[in-house]
Amino acid sequence: MELRRLFIKANNELENNGIRTRSRKITCKKCQSLVAVAKIRKNDFVCPECGYYFPVRARRRILMLTDKRSFVELDADLESRNILRFPGYGEKISAAIEKSREKEGVICGTATIGGMKICIFAMDSNFMMGSMGAIVGEKITRLFEYATAHNLPVVGVTVSGGARMQEGMISLMQMSKVSAAVKRHSNKGGLYIVLLTNPTTGGVDASFAMLGDITLAEPGARVGFAGPRVIEKSLNQELPEGFQRAERVLECGFIDAIVPRNQQKDYIKRLLELHEVPYE
Ligand SMILES: [Zn+2]
């Protein structure tokens with residue numbers, strides 16, 4: 001009975017990660033192969049058949065990057081409100097809470113990586129496509145302020161469709177608010193490593209996603225400001241192959257490295273060591 005419960009829980013989790021489930025196997029969205037749930041989980045949510053990167057929930061992302069049981073969440077209780085009384089926003093927030101089982105689109109806290117203490121945030125695409133409203137901006141700002149006060153590096157994982165339009169100008173001002181906090185952290189010598197995942201776009205791309213001292217990306221991740229269709233229409237020309245994909249963005253010099261999912265923890269650990277982050 002317990003096993004059955006665990007299996008249902010694992011399936012729900014995968015469903016939340018955007019994967020259609022069929023009994024104990026799931027269908028990969030890209031290659032359509034039927035792959036065992038356990039196999040996908042074991043493979044860091046990468047399809048063993050075609051290498052497709054399944055989206056990963058924020059909490060799991062933190063687990064994948066940090067030392068076991070080291071994560072302590074900060075500002076867990078902050079929740080969004082429909083401050084502008086935007087029609088239907090209240091219902092959207094409730095639906096996002098139910099879908100993601102989180103109160104907002106970003107999880108923040110402290111943890112250790114290879115025994116070195118860090119501040120970490122991870123965005124969640126299940127919460128309104130990781131869009132940045134007042135609470136997302138506030139939580140990340142507070143995290144940078146905490147890191148500045150305690151001389152800690154920040155590791156951030158981004159995934160976002162951009163600013164949350166239902167919050168109008170309030171969501172746009174989060175861009176400058178977070179950027180200012182990143183700058184204060186940087187002025188004090190703080191290290192900020194950011195990992196861009198698919199997709200990192202809009203207001204998040206135009207602010208703290210692009211302000212890392214070291215910018216990493218997952219293979220194939222879309223990184224850009226406006227969507228390709230908008231650009232294509234406004235320029236009235238066809239966009240080049242691989243436009244806004246991490247590999248192309250790397251060639252253009254906007255990011256420092258593309259790191260496969262199964263190497264990310266070790267890669268970030270090595271970067272922290274190189275920057276002489278003290279062991280706890
Ligand atoms: Zn596949």
# chains A, B, ... in the order shown; residues from 1 in each chain; ligands from 1
call {"tool": "closest_atom_pairs", "arguments": {"of": "chain A", "to": "ligand 1", "cutoff": "12 Å", "atoms": "only C-alpha atoms and all ligand atoms", "output": "Markdown table"}}
result
| residue | atom | partner | partner_atom_place_in_ligand_line | distance |
| --- | --- | --- | --- | --- |
| A:Ile19 | CA | ligand 1 | 1 (Zn) | 10.9 |
| A:Ile26 | CA | ligand 1 | 1 (Zn) | 10.0 |
| A:Thr27 | CA | ligand 1 | 1 (Zn) | 7.8 |
| A:Cys28 | CA | ligand 1 | 1 (Zn) | 4.6 |
| A:Lys29 | CA | ligand 1 | 1 (Zn) | 6.6 |
| A:Lys30 | CA | ligand 1 | 1 (Zn) | 5.1 |
| A:Cys31 | CA | ligand 1 | 1 (Zn) | 4.1 |
| A:Gln32 | CA | ligand 1 | 1 (Zn) | 6.1 |
| A:Ser33 | CA | ligand 1 | 1 (Zn) | 5.9 |
| A:Leu34 | CA | ligand 1 | 1 (Zn) | 8.3 |
| A:Val35 | CA | ligand 1 | 1 (Zn) | 8.2 |
| A:Ala36 | CA | ligand 1 | 1 (Zn) | 11.5 |
| A:Lys39 | CA | ligand 1 | 1 (Zn) | 11.9 |
| A:Ile40 | CA | ligand 1 | 1 (Zn) | 9.9 |
| A:Asn43 | CA | ligand 1 | 1 (Zn) | 11.9 |
| A:Phe45 | CA | ligand 1 | 1 (Zn) | 10.5 |
| A:Val46 | CA | ligand 1 | 1 (Zn) | 7.9 |
| A:Cys47 | CA | ligand 1 | 1 (Zn) | 4.6 |
| A:Pro48 | CA | ligand 1 | 1 (Zn) | 6.7 |
| A:Glu49 | CA | ligand 1 | 1 (Zn) | 5.0 |
| A:Cys50 | CA | ligand 1 | 1 (Zn) | 4.1 |
| A:Gly51 | CA | ligand 1 | 1 (Zn) | 6.0 |
| A:Tyr52 | CA | ligand 1 | 1 (Zn) | 5.2 |
| A:Tyr53 | CA | ligand 1 | 1 (Zn) | 8.5 |
| A:Phe54 | CA | ligand 1 | 1 (Zn) | 9.2 |
call {"tool": "select_by_dssp", "arguments": {"residues": "segment 173-261 of chain A", "states": "helix (DSSP H, G or I)", "output": "number ranges by chain"}}
result
A: 173-187, 202-205, 208-210, 228-235, 246-251, 261
call {"tool": "write_last_selection", "arguments": {"atoms": "N, CA and C atoms", "output": "compact mmCIF listing (two decimals), in the first residue's frame"}}
result
# COMPACT_ATOMS: atom_id res chain seq x y z
N MET A 173 8.76 47.08 -11.97
CA MET A 173 9.73 47.71 -11.05
C MET A 173 10.56 46.68 -10.28
N GLN A 174 10.11 45.42 -10.28
CA GLN A 174 10.91 44.36 -9.63
C GLN A 174 12.26 44.19 -10.33
N MET A 175 12.27 44.49 -11.63
CA MET A 175 13.52 44.35 -12.40
C MET A 175 14.60 45.25 -11.81
N SER A 176 14.25 46.51 -11.57
CA SER A 176 15.27 47.42 -11.03
C SER A 176 15.52 47.14 -9.55
N LYS A 177 14.48 46.73 -8.84
CA LYS A 177 14.65 46.45 -7.40
C LYS A 177 15.63 45.30 -7.18
N VAL A 178 15.41 44.19 -7.90
CA VAL A 178 16.32 43.04 -7.75
C VAL A 178 17.73 43.41 -8.24
N SER A 179 17.78 44.13 -9.39
CA SER A 179 19.09 44.50 -9.94
C SER A 179 19.90 45.33 -8.95
N ALA A 180 19.22 46.24 -8.24
CA ALA A 180 19.91 47.08 -7.25
C ALA A 180 20.46 46.21 -6.11
N ALA A 181 19.67 45.22 -5.70
CA ALA A 181 20.13 44.32 -4.62
C ALA A 181 21.32 43.49 -5.08
N VAL A 182 21.30 43.06 -6.36
CA VAL A 182 22.42 42.29 -6.92
C VAL A 182 23.68 43.17 -6.91
N LYS A 183 23.51 44.44 -7.27
CA LYS A 183 24.63 45.36 -7.34
C LYS A 183 25.24 45.60 -5.94
N ARG A 184 24.37 45.77 -4.94
CA ARG A 184 24.88 45.98 -3.57
C ARG A 184 25.65 44.76 -3.10
N HIS A 185 25.15 43.58 -3.46
CA HIS A 185 25.83 42.31 -3.12
C HIS A 185 27.19 42.26 -3.82
N SER A 186 27.20 42.66 -5.09
CA SER A 186 28.43 42.66 -5.88
C SER A 186 29.44 43.68 -5.34
N ASN A 187 28.94 44.87 -4.96
CA ASN A 187 29.83 45.92 -4.41
C ASN A 187 30.57 45.45 -3.18
N GLY A 202 12.09 37.59 -21.22
CA GLY A 202 11.40 38.79 -20.75
C GLY A 202 12.14 39.54 -19.65
N GLY A 203 11.35 40.06 -18.71
CA GLY A 203 11.89 40.91 -17.65
C GLY A 203 12.92 40.24 -16.75
N VAL A 204 12.85 38.92 -16.65
CA VAL A 204 13.84 38.20 -15.84
C VAL A 204 15.17 38.15 -16.60
N ASP A 205 15.07 37.87 -17.90
CA ASP A 205 16.27 37.86 -18.74
C ASP A 205 16.91 39.26 -18.77
N PHE A 208 17.99 40.27 -13.45
CA PHE A 208 18.95 39.49 -12.66
C PHE A 208 19.48 38.23 -13.34
N ALA A 209 18.80 37.72 -14.38
CA ALA A 209 19.33 36.53 -15.07
C ALA A 209 20.62 36.86 -15.81
N MET A 210 20.77 38.13 -16.17
CA MET A 210 21.95 38.53 -16.96
C MET A 210 22.97 39.27 -16.10
N PRO A 228 10.72 34.90 -30.37
CA PRO A 228 11.21 34.93 -31.76
C PRO A 228 10.16 35.39 -32.78
N ARG A 229 8.87 35.04 -32.51
CA ARG A 229 7.84 35.44 -33.47
C ARG A 229 7.69 36.97 -33.54
N VAL A 230 7.77 37.59 -32.35
CA VAL A 230 7.65 39.06 -32.27
C VAL A 230 8.81 39.71 -33.03
N ILE A 231 10.02 39.17 -32.82
CA ILE A 231 11.21 39.73 -33.46
C ILE A 231 11.12 39.54 -34.98
N GLU A 232 10.71 38.32 -35.37
CA GLU A 232 10.61 38.01 -36.80
C GLU A 232 9.64 38.97 -37.49
N LYS A 233 8.53 39.23 -36.80
CA LYS A 233 7.50 40.12 -37.38
C LYS A 233 8.00 41.55 -37.44
N SER A 234 8.67 42.00 -36.38
CA SER A 234 9.07 43.42 -36.38
C SER A 234 10.26 43.66 -37.32
N LEU A 235 11.13 42.65 -37.47
CA LEU A 235 12.28 42.83 -38.38
C LEU A 235 11.91 42.46 -39.81
N ALA A 246 20.67 28.36 -26.04
CA ALA A 246 21.88 28.55 -25.21
C ALA A 246 23.17 28.46 -26.03
N GLU A 247 23.23 27.49 -26.96
CA GLU A 247 24.45 27.26 -27.74
C GLU A 247 24.80 28.50 -28.57
N ARG A 248 23.78 29.12 -29.15
CA ARG A 248 23.97 30.32 -29.97
C ARG A 248 24.32 31.52 -29.06
N VAL A 249 23.63 31.59 -27.93
CA VAL A 249 23.85 32.70 -26.98
C VAL A 249 25.29 32.62 -26.43
N LEU A 250 25.78 31.39 -26.27
CA LEU A 250 27.18 31.20 -25.83
C LEU A 250 28.15 31.74 -26.89
N GLU A 251 27.87 31.39 -28.14
CA GLU A 251 28.70 31.88 -29.26
C GLU A 251 28.75 33.40 -29.29
N ARG A 261 22.95 18.73 -17.13
CA ARG A 261 22.29 18.65 -15.81
C ARG A 261 23.07 17.77 -14.81
call {"tool": "residues_around", "arguments": {"residues": "Arg164 of chain A", "least_positions_apart": "3", "cutoff": "12 Å", "atoms": "only C-alpha atoms", "output": "VMD selection string"}}
result
chain A and resid 80 82 86 89 92 to 93 105 127 to 137 160 to 161 167 to 175 201 to 204
call {"tool": "residues_around", "arguments": {"residues": "Gln264 of chain A", "least_positions_apart": "5", "cutoff": "12 Å", "atoms": "only C-alpha atoms", "output": "PyMOL selection string"}}
result
chain A and resi 44+61-66+113+155+157+193-197+216-219+257-259+269-271
call {"tool": "write_last_selection", "arguments": {"atoms": "N, CA and C atoms", "output": "short mmCIF file (atom, residue, chain, number, x, y, z; two decimals), in the first residue's frame"}}
result
data_model
loop_
_atom_site.label_atom_id
_atom_site.label_comp_id
_atom_site.auth_asym_id
_atom_site.auth_seq_id
_atom_site.Cartn_x
_atom_site.Cartn_y
_atom_site.Cartn_z
N ASP A 44 18.17 12.45 -13.69
CA ASP A 44 18.03 13.90 -13.47
C ASP A 44 16.98 14.54 -14.39
N ARG A 61 14.96 21.05 -7.98
CA ARG A 61 16.16 21.68 -8.53
C ARG A 61 17.14 21.99 -7.39
N ILE A 62 16.62 22.52 -6.29
CA ILE A 62 17.47 22.84 -5.15
C ILE A 62 18.09 21.54 -4.59
N LEU A 63 17.26 20.50 -4.48
CA LEU A 63 17.77 19.20 -3.99
C LEU A 63 18.89 18.67 -4.88
N MET A 64 18.72 18.88 -6.20
CA MET A 64 19.71 18.36 -7.15
C MET A 64 21.04 19.09 -7.06
N LEU A 65 21.00 20.36 -6.62
CA LEU A 65 22.23 21.16 -6.62
C LEU A 65 22.92 21.25 -5.27
N THR A 66 22.19 20.95 -4.20
CA THR A 66 22.76 21.20 -2.87
C THR A 66 23.00 19.90 -2.10
N ILE A 113 26.81 23.54 -0.64
CA ILE A 113 27.19 22.77 -1.84
C ILE A 113 28.63 22.33 -1.57
N VAL A 155 23.57 31.45 -5.53
CA VAL A 155 23.41 30.60 -6.71
C VAL A 155 21.93 30.69 -7.10
N VAL A 157 18.74 29.78 -10.00
CA VAL A 157 18.29 29.01 -11.16
C VAL A 157 17.06 29.73 -11.72
N ILE A 193 26.37 33.27 -9.01
CA ILE A 193 26.40 32.32 -10.13
C ILE A 193 24.95 32.06 -10.55
N VAL A 194 24.67 32.24 -11.82
CA VAL A 194 23.30 32.03 -12.27
C VAL A 194 23.25 30.92 -13.32
N LEU A 195 22.24 30.06 -13.19
CA LEU A 195 22.04 28.96 -14.13
C LEU A 195 20.73 29.21 -14.87
N LEU A 196 20.83 29.46 -16.18
CA LEU A 196 19.64 29.76 -16.98
C LEU A 196 19.05 28.46 -17.51
N THR A 197 17.76 28.27 -17.28
CA THR A 197 17.11 27.05 -17.79
C THR A 197 15.98 27.46 -18.74
N LEU A 216 25.75 30.43 -16.36
CA LEU A 216 25.71 29.08 -16.94
C LEU A 216 24.34 28.86 -17.56
N ALA A 217 24.25 27.89 -18.45
CA ALA A 217 22.94 27.57 -19.02
C ALA A 217 22.84 26.08 -19.25
N GLU A 218 21.58 25.60 -19.28
CA GLU A 218 21.35 24.20 -19.62
C GLU A 218 21.37 24.06 -21.14
N PRO A 219 21.78 22.90 -21.67
CA PRO A 219 21.79 22.71 -23.12
C PRO A 219 20.42 23.00 -23.72
N ALA A 257 29.18 29.31 -19.98
CA ALA A 257 29.31 27.88 -20.24
C ALA A 257 27.95 27.21 -20.26
N ILE A 258 27.87 26.12 -21.03
CA ILE A 258 26.67 25.28 -21.02
C ILE A 258 27.03 24.03 -20.23
N VAL A 259 26.24 23.75 -19.22
CA VAL A 259 26.59 22.63 -18.35
C VAL A 259 25.44 21.61 -18.32
N LYS A 269 30.13 23.60 -7.58
CA LYS A 269 31.00 23.34 -6.42
C LYS A 269 32.43 23.79 -6.74
N ARG A 270 32.89 23.42 -7.92
CA ARG A 270 34.26 23.77 -8.35
C ARG A 270 34.42 25.30 -8.43
N LEU A 271 33.38 25.97 -8.95
CA LEU A 271 33.43 27.44 -9.05
C LEU A 271 33.50 28.07 -7.66
#
call {"tool": "closest_residue", "arguments": {"among": "A:Ile83, A:Ala76, A:Leu239, A:Leu152", "to": "Glu276 of chain A", "atoms": "only C-alpha atoms"}}
result
A:Leu152
call {"tool": "closest_residue", "arguments": {"among": "A:Gly189, A:Gly115, A:Gly253, A:Gly212", "to": "Asp67 of chain A", "atoms": "only C-alpha atoms"}}
result
A:Gly115
